[in-house]
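Trainee: What follows is the file my_file-v6.txt, containing compact mmCIF, C-alpha atoms:
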# COMPACT_ATOMS: atom_id res chain seq x y z
CA MET A 1 18.58 -35.18 28.02
CA ARG A 2 21.98 -35.00 26.28
CA ARG A 3 22.44 -32.00 24.02
CA THR A 4 23.76 -32.42 20.46
CA ARG A 5 26.52 -30.10 19.28
CA VAL A 6 26.44 -29.38 15.55
CA HIS A 7 29.10 -27.56 13.51
CA VAL A 8 28.03 -26.07 10.17
CA VAL A 9 30.27 -24.96 7.30
CA SER A 10 29.55 -23.55 3.86
CA ASP A 11 31.59 -22.08 1.01
CA VAL A 12 34.72 -24.03 1.89
CA HIS A 13 36.28 -23.15 -1.47
CA GLY A 14 39.43 -25.18 -1.08
CA ASN A 15 40.22 -24.52 2.60
CA ALA A 16 41.11 -28.13 3.41
CA GLU A 17 43.39 -27.23 6.31
CA ALA A 18 40.62 -25.55 8.31
CA LEU A 19 38.07 -28.14 7.17
CA ALA A 20 40.09 -30.88 8.85
CA ARG A 21 39.59 -29.08 12.18
CA ALA A 22 35.95 -28.06 11.64
CA GLY A 23 34.50 -31.02 13.52
CA GLU A 24 36.57 -30.70 16.68
CA GLY A 25 34.24 -30.90 19.68
CA ALA A 26 31.16 -31.58 17.55
CA ASP A 27 28.84 -34.58 17.51
CA VAL A 28 28.14 -34.00 13.83
CA THR A 29 29.19 -31.62 11.05
CA LEU A 30 26.94 -30.20 8.34
CA CYS A 31 28.46 -29.00 5.06
CA LEU A 32 26.30 -26.76 2.88
CA GLY A 33 28.40 -26.92 -0.25
CA ASP A 34 30.81 -25.08 -2.50
CA LEU A 35 33.85 -27.20 -1.77
CA VAL A 36 35.48 -26.29 -5.07
CA LEU A 37 37.61 -23.17 -5.52
CA PHE A 38 37.50 -22.04 -9.13
CA LEU A 39 38.47 -18.43 -8.53
CA ASP A 40 39.27 -16.49 -5.35
CA TYR A 41 38.04 -12.92 -5.70
CA ALA A 42 40.30 -11.80 -2.83
CA ASP A 43 43.46 -13.69 -3.86
CA HIS A 44 43.81 -14.05 -7.62
CA SER A 45 46.59 -16.62 -7.26
CA ARG A 46 44.26 -19.26 -5.76
CA GLY A 47 41.91 -21.58 -7.61
CA ILE A 48 41.55 -23.55 -10.80
CA PHE A 49 41.51 -20.53 -13.12
CA PRO A 50 44.88 -19.06 -12.00
CA GLU A 51 46.42 -22.54 -11.89
CA LEU A 52 45.71 -22.77 -15.60
CA PHE A 53 46.19 -19.16 -16.74
CA GLY A 54 48.03 -17.25 -14.01
CA ALA A 55 47.08 -14.60 -11.46
CA GLU A 56 47.13 -11.69 -13.92
CA ALA A 57 44.55 -13.33 -16.19
CA ALA A 58 42.49 -14.25 -13.13
CA GLY A 59 42.53 -10.61 -12.01
CA ARG A 60 41.25 -9.48 -15.39
CA TYR A 61 38.51 -12.11 -15.34
CA VAL A 62 37.46 -11.12 -11.81
CA ALA A 63 37.31 -7.45 -12.80
CA LEU A 64 35.02 -8.17 -15.76
CA ARG A 65 32.67 -10.30 -13.69
CA THR A 66 32.63 -7.81 -10.83
CA GLU A 67 31.63 -5.09 -13.31
CA ARG A 68 28.85 -7.43 -14.54
CA ARG A 69 30.41 -7.54 -18.00
CA TYR A 70 29.59 -11.23 -18.27
CA ALA A 71 29.67 -11.51 -22.06
CA GLU A 72 33.14 -9.92 -22.15
CA ALA A 73 34.29 -12.22 -19.36
CA ARG A 74 33.13 -15.28 -21.30
CA ALA A 75 34.84 -14.04 -24.47
CA PHE A 76 38.07 -13.40 -22.52
CA ALA A 77 37.95 -16.91 -21.08
CA ARG A 78 37.27 -18.46 -24.51
CA ASP A 79 40.38 -16.79 -25.89
CA LEU A 80 42.44 -18.15 -23.01
CA TRP A 81 41.16 -21.68 -23.46
CA GLY A 82 41.86 -21.70 -27.19
CA GLU A 83 42.00 -25.32 -28.38
CA THR A 84 42.39 -26.75 -24.87
CA ASP A 85 39.84 -29.36 -23.81
CA ARG A 86 38.16 -27.16 -21.24
CA ALA A 87 35.88 -29.80 -19.72
CA ALA A 88 38.72 -32.29 -19.23
CA ALA A 89 41.06 -29.71 -17.69
CA ILE A 90 38.44 -28.45 -15.24
CA GLU A 91 37.35 -31.94 -14.24
CA ALA A 92 40.93 -32.99 -13.54
CA ALA A 93 41.43 -29.93 -11.33
CA VAL A 94 38.10 -30.47 -9.53
CA ARG A 95 39.04 -34.09 -8.89
CA ARG A 96 42.33 -33.02 -7.29
CA GLN A 97 40.46 -30.63 -5.00
CA TYR A 98 37.77 -33.16 -4.11
CA ALA A 99 40.34 -35.81 -3.21
CA GLU A 100 41.90 -33.43 -0.68
CA LEU A 101 38.68 -31.89 0.63
CA PHE A 102 36.65 -35.05 1.13
CA ALA A 103 39.61 -36.59 2.92
CA ALA A 104 39.60 -33.56 5.26
CA LEU A 105 35.85 -33.67 6.04
CA PRO A 106 35.16 -34.67 9.65
CA THR A 107 33.02 -37.72 10.35
CA PRO A 108 30.16 -37.93 10.66
CA THR A 109 29.27 -35.24 8.12
CA PHE A 110 25.99 -34.64 6.33
CA ALA A 111 26.60 -32.63 3.17
CA THR A 112 24.81 -31.07 0.24
CA TYR A 113 26.01 -29.43 -2.96
CA GLY A 114 26.79 -25.78 -3.64
CA ASN A 115 26.30 -24.09 -6.98
CA VAL A 116 29.98 -24.47 -7.92
CA ASP A 117 30.09 -28.18 -7.06
CA VAL A 118 29.89 -31.10 -9.49
CA PRO A 119 27.39 -33.56 -7.99
CA ARG A 120 28.15 -36.47 -10.33
CA LEU A 121 31.68 -36.69 -8.90
CA TRP A 122 30.72 -36.75 -5.22
CA PRO A 123 29.96 -40.52 -4.99
CA GLU A 124 33.58 -41.23 -5.90
CA TYR A 125 34.96 -39.19 -2.99
CA ALA A 126 32.32 -39.28 -0.23
CA GLY A 127 33.59 -42.17 1.88
CA GLU A 128 32.35 -43.81 5.06
CA GLY A 129 30.91 -41.34 7.54
CA ILE A 130 29.97 -38.76 4.87
CA THR A 131 26.31 -38.75 3.84
CA VAL A 132 25.22 -36.66 0.85
CA LEU A 133 21.63 -35.39 0.90
CA ASP A 134 19.70 -33.27 -1.61
CA GLY A 135 15.94 -32.94 -1.28
CA GLN A 136 16.19 -35.41 1.61
CA THR A 137 16.06 -35.42 5.41
CA VAL A 138 17.88 -37.05 8.31
CA GLU A 139 17.27 -37.16 12.06
CA ILE A 140 20.04 -35.59 14.15
CA GLY A 141 19.72 -35.39 17.90
CA GLY A 142 15.97 -35.83 17.76
CA LEU A 143 15.37 -33.11 15.15
CA THR A 144 14.52 -33.57 11.47
CA VAL A 145 17.08 -31.82 9.27
CA GLY A 146 16.40 -31.27 5.57
CA PHE A 147 18.94 -30.47 2.84
CA VAL A 148 18.52 -28.69 -0.50
CA GLY A 149 21.64 -28.33 -2.64
CA GLY A 150 22.64 -26.19 -5.60
CA GLY A 151 21.72 -22.71 -6.72
CA LEU A 152 19.40 -20.97 -9.17
CA ARG A 153 20.31 -20.06 -12.74
CA THR A 154 22.48 -16.93 -13.10
CA PRO A 155 24.62 -15.22 -15.74
CA MET A 156 27.63 -16.76 -13.95
CA ARG A 157 26.68 -20.20 -15.32
CA THR A 158 28.21 -22.12 -12.43
CA PRO A 159 28.09 -25.94 -12.58
CA TYR A 160 25.07 -26.77 -10.40
CA GLU A 161 22.40 -24.19 -11.18
CA LEU A 162 18.74 -25.19 -11.40
CA ASP A 163 15.53 -23.65 -12.68
CA PRO A 164 13.21 -22.41 -9.91
CA GLU A 165 10.68 -25.22 -10.46
CA THR A 166 13.26 -27.97 -10.03
CA PHE A 167 14.67 -26.31 -6.94
CA ALA A 168 11.19 -25.81 -5.46
CA ALA A 169 10.38 -29.49 -6.00
CA LYS A 170 13.36 -30.44 -3.84
CA VAL A 171 12.21 -28.08 -1.09
CA ALA A 172 8.69 -29.54 -1.24
CA ALA A 173 10.06 -33.08 -1.04
CA LEU A 174 11.42 -32.40 2.45
CA GLY A 175 8.06 -32.02 4.13
CA PRO A 176 8.07 -30.81 7.75
CA VAL A 177 11.56 -30.16 9.12
CA ASP A 178 13.00 -28.67 12.28
CA VAL A 179 16.15 -27.44 10.54
CA LEU A 180 16.16 -26.34 6.89
CA CYS A 181 19.64 -26.48 5.33
CA SER A 182 20.41 -25.09 1.88
CA HIS A 183 23.33 -23.62 0.02
CA ILE A 184 21.52 -20.47 -1.11
CA PRO A 185 19.47 -18.18 1.17
CA PRO A 186 15.72 -17.59 1.12
CA ASP A 187 14.67 -14.74 -1.13
CA VAL A 188 15.05 -11.89 1.36
CA PRO A 189 16.98 -8.80 0.19
CA GLU A 190 19.01 -8.34 3.37
CA LEU A 191 20.12 -11.98 3.26
CA CYS A 192 20.91 -11.96 -0.48
CA TYR A 193 22.88 -8.71 -0.84
CA ASP A 194 26.68 -9.02 -0.86
CA THR A 195 28.16 -5.80 0.50
CA VAL A 196 31.60 -6.32 -1.08
CA ALA A 197 30.52 -7.59 -4.50
CA ARG A 198 27.75 -4.95 -4.36
CA ARG A 199 25.11 -7.15 -5.91
CA PHE A 200 22.14 -9.29 -4.98
CA GLU A 201 22.76 -13.02 -5.16
CA HIS A 202 19.85 -15.25 -6.11
CA GLY A 203 17.73 -16.36 -3.16
CA SER A 204 14.92 -18.90 -3.30
CA ARG A 205 11.24 -18.03 -3.01
CA ALA A 206 10.53 -21.71 -2.36
CA LEU A 207 12.78 -21.62 0.70
CA LEU A 208 11.06 -18.48 1.95
CA GLU A 209 7.63 -20.04 1.47
CA ALA A 210 8.77 -23.15 3.38
CA ILE A 211 9.94 -20.95 6.25
CA HIS A 212 6.48 -19.35 6.41
CA THR A 213 4.52 -22.60 6.11
CA VAL A 214 6.73 -25.25 7.78
CA ARG A 215 8.15 -22.88 10.43
CA PRO A 216 11.43 -24.70 11.13
CA ARG A 217 13.48 -23.70 14.17
CA TYR A 218 16.43 -22.81 11.96
CA ALA A 219 17.11 -22.06 8.29
CA LEU A 220 20.86 -22.42 7.65
CA PHE A 221 22.62 -21.41 4.43
CA GLY A 222 25.73 -19.80 2.93
CA HIS A 223 26.48 -18.65 -0.64
CA VAL A 224 26.52 -14.90 0.10
CA HIS A 225 30.05 -14.30 1.33
CA GLN A 226 29.60 -10.81 2.83
CA PRO A 227 25.86 -10.48 3.51
CA LEU A 228 24.15 -7.29 4.57
CA ALA A 229 22.47 -9.32 7.33
CA ARG A 230 23.92 -12.56 8.67
CA ARG A 231 20.92 -13.40 10.85
CA MET A 232 17.24 -12.62 10.70
CA ARG A 233 14.15 -14.00 12.40
CA ILE A 234 11.19 -14.74 10.15
CA GLY A 235 8.26 -15.73 12.29
CA ALA A 236 9.34 -18.75 14.33
CA THR A 237 12.49 -19.34 12.27
CA GLU A 238 16.01 -18.11 12.95
CA CYS A 239 17.64 -17.61 9.54
CA VAL A 240 21.45 -17.80 9.68
CA ASN A 241 24.16 -17.34 7.08
CA VAL A 242 26.70 -19.76 8.58
CA GLY A 243 29.65 -17.84 7.14
CA HIS A 244 32.26 -17.85 4.40
CA PHE A 245 34.35 -20.76 5.69
CA ASN A 246 37.11 -20.24 3.13
CA ALA A 247 37.86 -16.87 4.74
CA THR A 248 37.04 -17.50 8.40
CA GLY A 249 38.07 -21.11 8.89
CA GLU A 250 35.49 -21.28 11.69
CA PRO A 251 32.28 -23.36 11.72
CA PHE A 252 28.94 -22.02 12.91
CA VAL A 253 28.01 -23.80 16.15
CA LEU A 254 24.56 -24.93 17.22
CA GLU A 255 23.35 -27.04 20.14
CA TRP A 256 19.95 -28.60 20.64
Would you mind writing the structure in this file as structure tokens?
Mentor:
Amino acid sequence: MRRTRVHVVSDVHGNAEALARAGEGADVTLCLGDLVLFLDYADHSRGIFPELFGAEAAGRYVALRTERRYAEARAFARDLWGETDRAAAIEAAVRRQYAELFAALPTPTFATYGNVDVPRLWPEYAGEGITVLDGQTVEIGGLTVGFVGGGLRTPMRTPYELDPETFAAKVAALGPVDVLCSHIPPDVPELCYDTVARRFEHGSRALLEAIHTVRPRYALFGHVHQPLARRMRIGATECVNVGHFNATGEPFVLEW
């Protein structure tokens, strides 16, 4: 039987150059979201925020958020925006990024949204060979692969955050799957803790419950850029953070 080679990326955050090469040698590519780069915590000159306000302002904003001073960060941003139409400026910048990134996506690609993505814009940019799935499944190489996009609500207030009940309903809609793909991890401390940001990101209890009950072969996710644990076995399931693609430029590779 012919084996299927699958390349998986997540947290692309504007790295279109590497994204264009991500499918080399693969039968199919999976993208687990966060195409948009609003703010690069490592390089304050990259992203929508510094494009609008400069690297110095971005550095200040990053510092406030890193120190969990979210109210001060929001007040700082409000002062910067002033009378500018914030929604229109951000959408224009997101559209510029999506035009470049969707053009770079390999084909075929199956993709779902990250928490910083804007789902309503994806139909305009996802062309032939790119299939967007959220709370849905597809068969790849004889295995059923399910996708759950977005994140859970946080003080960050990123664009695609959901309440736990809505997120859980999407997980339940998948039914039995062999591969469970999501943007955020299951709610396991070692998988949710970011060692550089020094905080726990939000993981999903619904994903963890699905791992226990459905017992997929793999649970694949991203979101946590520098996790305490990149891999962990839970029962029959190999849980894998596929990596911070913006930084590594390398897909995670699976064969089945």
Trainee: As an exercise, work out the distance from atom CA of A:Ser10 to atom CA of A:Leu32 in Å and give it to one decimal place.
Mentor: 4.7 Å
Trainee: Go through A:Ala126, A:Ala57, A:Ala63, A:Val94 and flag the residue nearest A:Asp79, using all atoms listed in the file for the distances.
Mentor: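 Using all atoms listed in the file, the shortest distance to A:Asp79 belongs to A:Ala57.
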Trainee: Give me, as an NGL selection string, all polymer residues having an atom no more than 12 Å from stretch 51-56 of chain A, counting all atoms listed in the file and skipping those fewer than 4 positions away in the same chain.
Mentor: :A and (37-47 or 60-63 or 76-82 or 84 or 86 or 89-90 or 92-94)
Trainee: Kindly provide the residues of stretch 143-222 of chain A that approach stretch 230-239 of chain A to within 12 Å, each paired with its closest atom pair and their distance in Å to one decimal, based on only C-alpha atoms, listed by chain and increasing number, as a Markdown table.
Mentor:
| residue | atom | partner | partner_atom | distance |
| --- | --- | --- | --- | --- |
| A:Val177 | CA | A:Thr237 | CA | 11.3 |
| A:Asp178 | CA | A:Thr237 | CA | 9.3 |
| A:Val179 | CA | A:Thr237 | CA | 9.1 |
| A:Leu180 | CA | A:Cys239 | CA | 9.2 |
| A:Cys181 | CA | A:Cys239 | CA | 10.0 |
| A:Ser182 | CA | A:Cys239 | CA | 11.1 |
| A:Ile184 | CA | A:Cys239 | CA | 11.7 |
| A:Pro185 | CA | A:Cys239 | CA | 8.6 |
| A:Pro186 | CA | A:Cys239 | CA | 8.6 |
| A:Asp187 | CA | A:Cys239 | CA | 11.4 |
| A:Val188 | CA | A:Met232 | CA | 9.6 |
| A:Pro189 | CA | A:Met232 | CA | 11.2 |
| A:Glu190 | CA | A:Arg230 | CA | 8.4 |
| A:Leu191 | CA | A:Arg230 | CA | 6.6 |
| A:Cys192 | CA | A:Arg230 | CA | 9.7 |
| A:Tyr193 | CA | A:Arg230 | CA | 10.3 |
| A:Asp194 | CA | A:Arg230 | CA | 10.5 |
| A:Thr195 | CA | A:Arg230 | CA | 11.4 |
| A:Leu207 | CA | A:Cys239 | CA | 10.9 |
| A:Leu208 | CA | A:Ile234 | CA | 9.0 |
| A:Glu209 | CA | A:Ile234 | CA | 10.8 |
| A:Ala210 | CA | A:Thr237 | CA | 10.4 |
| A:Ile211 | CA | A:Thr237 | CA | 6.7 |
| A:His212 | CA | A:Gly235 | CA | 7.1 |
| A:Thr213 | CA | A:Gly235 | CA | 10.0 |
| A:Val214 | CA | A:Thr237 | CA | 9.4 |
| A:Arg215 | CA | A:Ala236 | CA | 5.8 |
| A:Pro216 | CA | A:Thr237 | CA | 5.6 |
| A:Arg217 | CA | A:Thr237 | CA | 4.9 |
| A:Tyr218 | CA | A:Glu238 | CA | 4.8 |
| A:Ala219 | CA | A:Cys239 | CA | 4.7 |
| A:Leu220 | CA | A:Cys239 | CA | 6.1 |
| A:Phe221 | CA | A:Cys239 | CA | 8.1 |
| A:Gly222 | CA | A:Arg230 | CA | 9.4 |
Trainee: Counting all atoms listed in the file, which of A:Ala75, A:Leu19, A:Ile48, A:Leu143 gets nearest to A:Thr109?
Mentor: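 Of all the options, A:Leu19 lies closest to A:Thr109.
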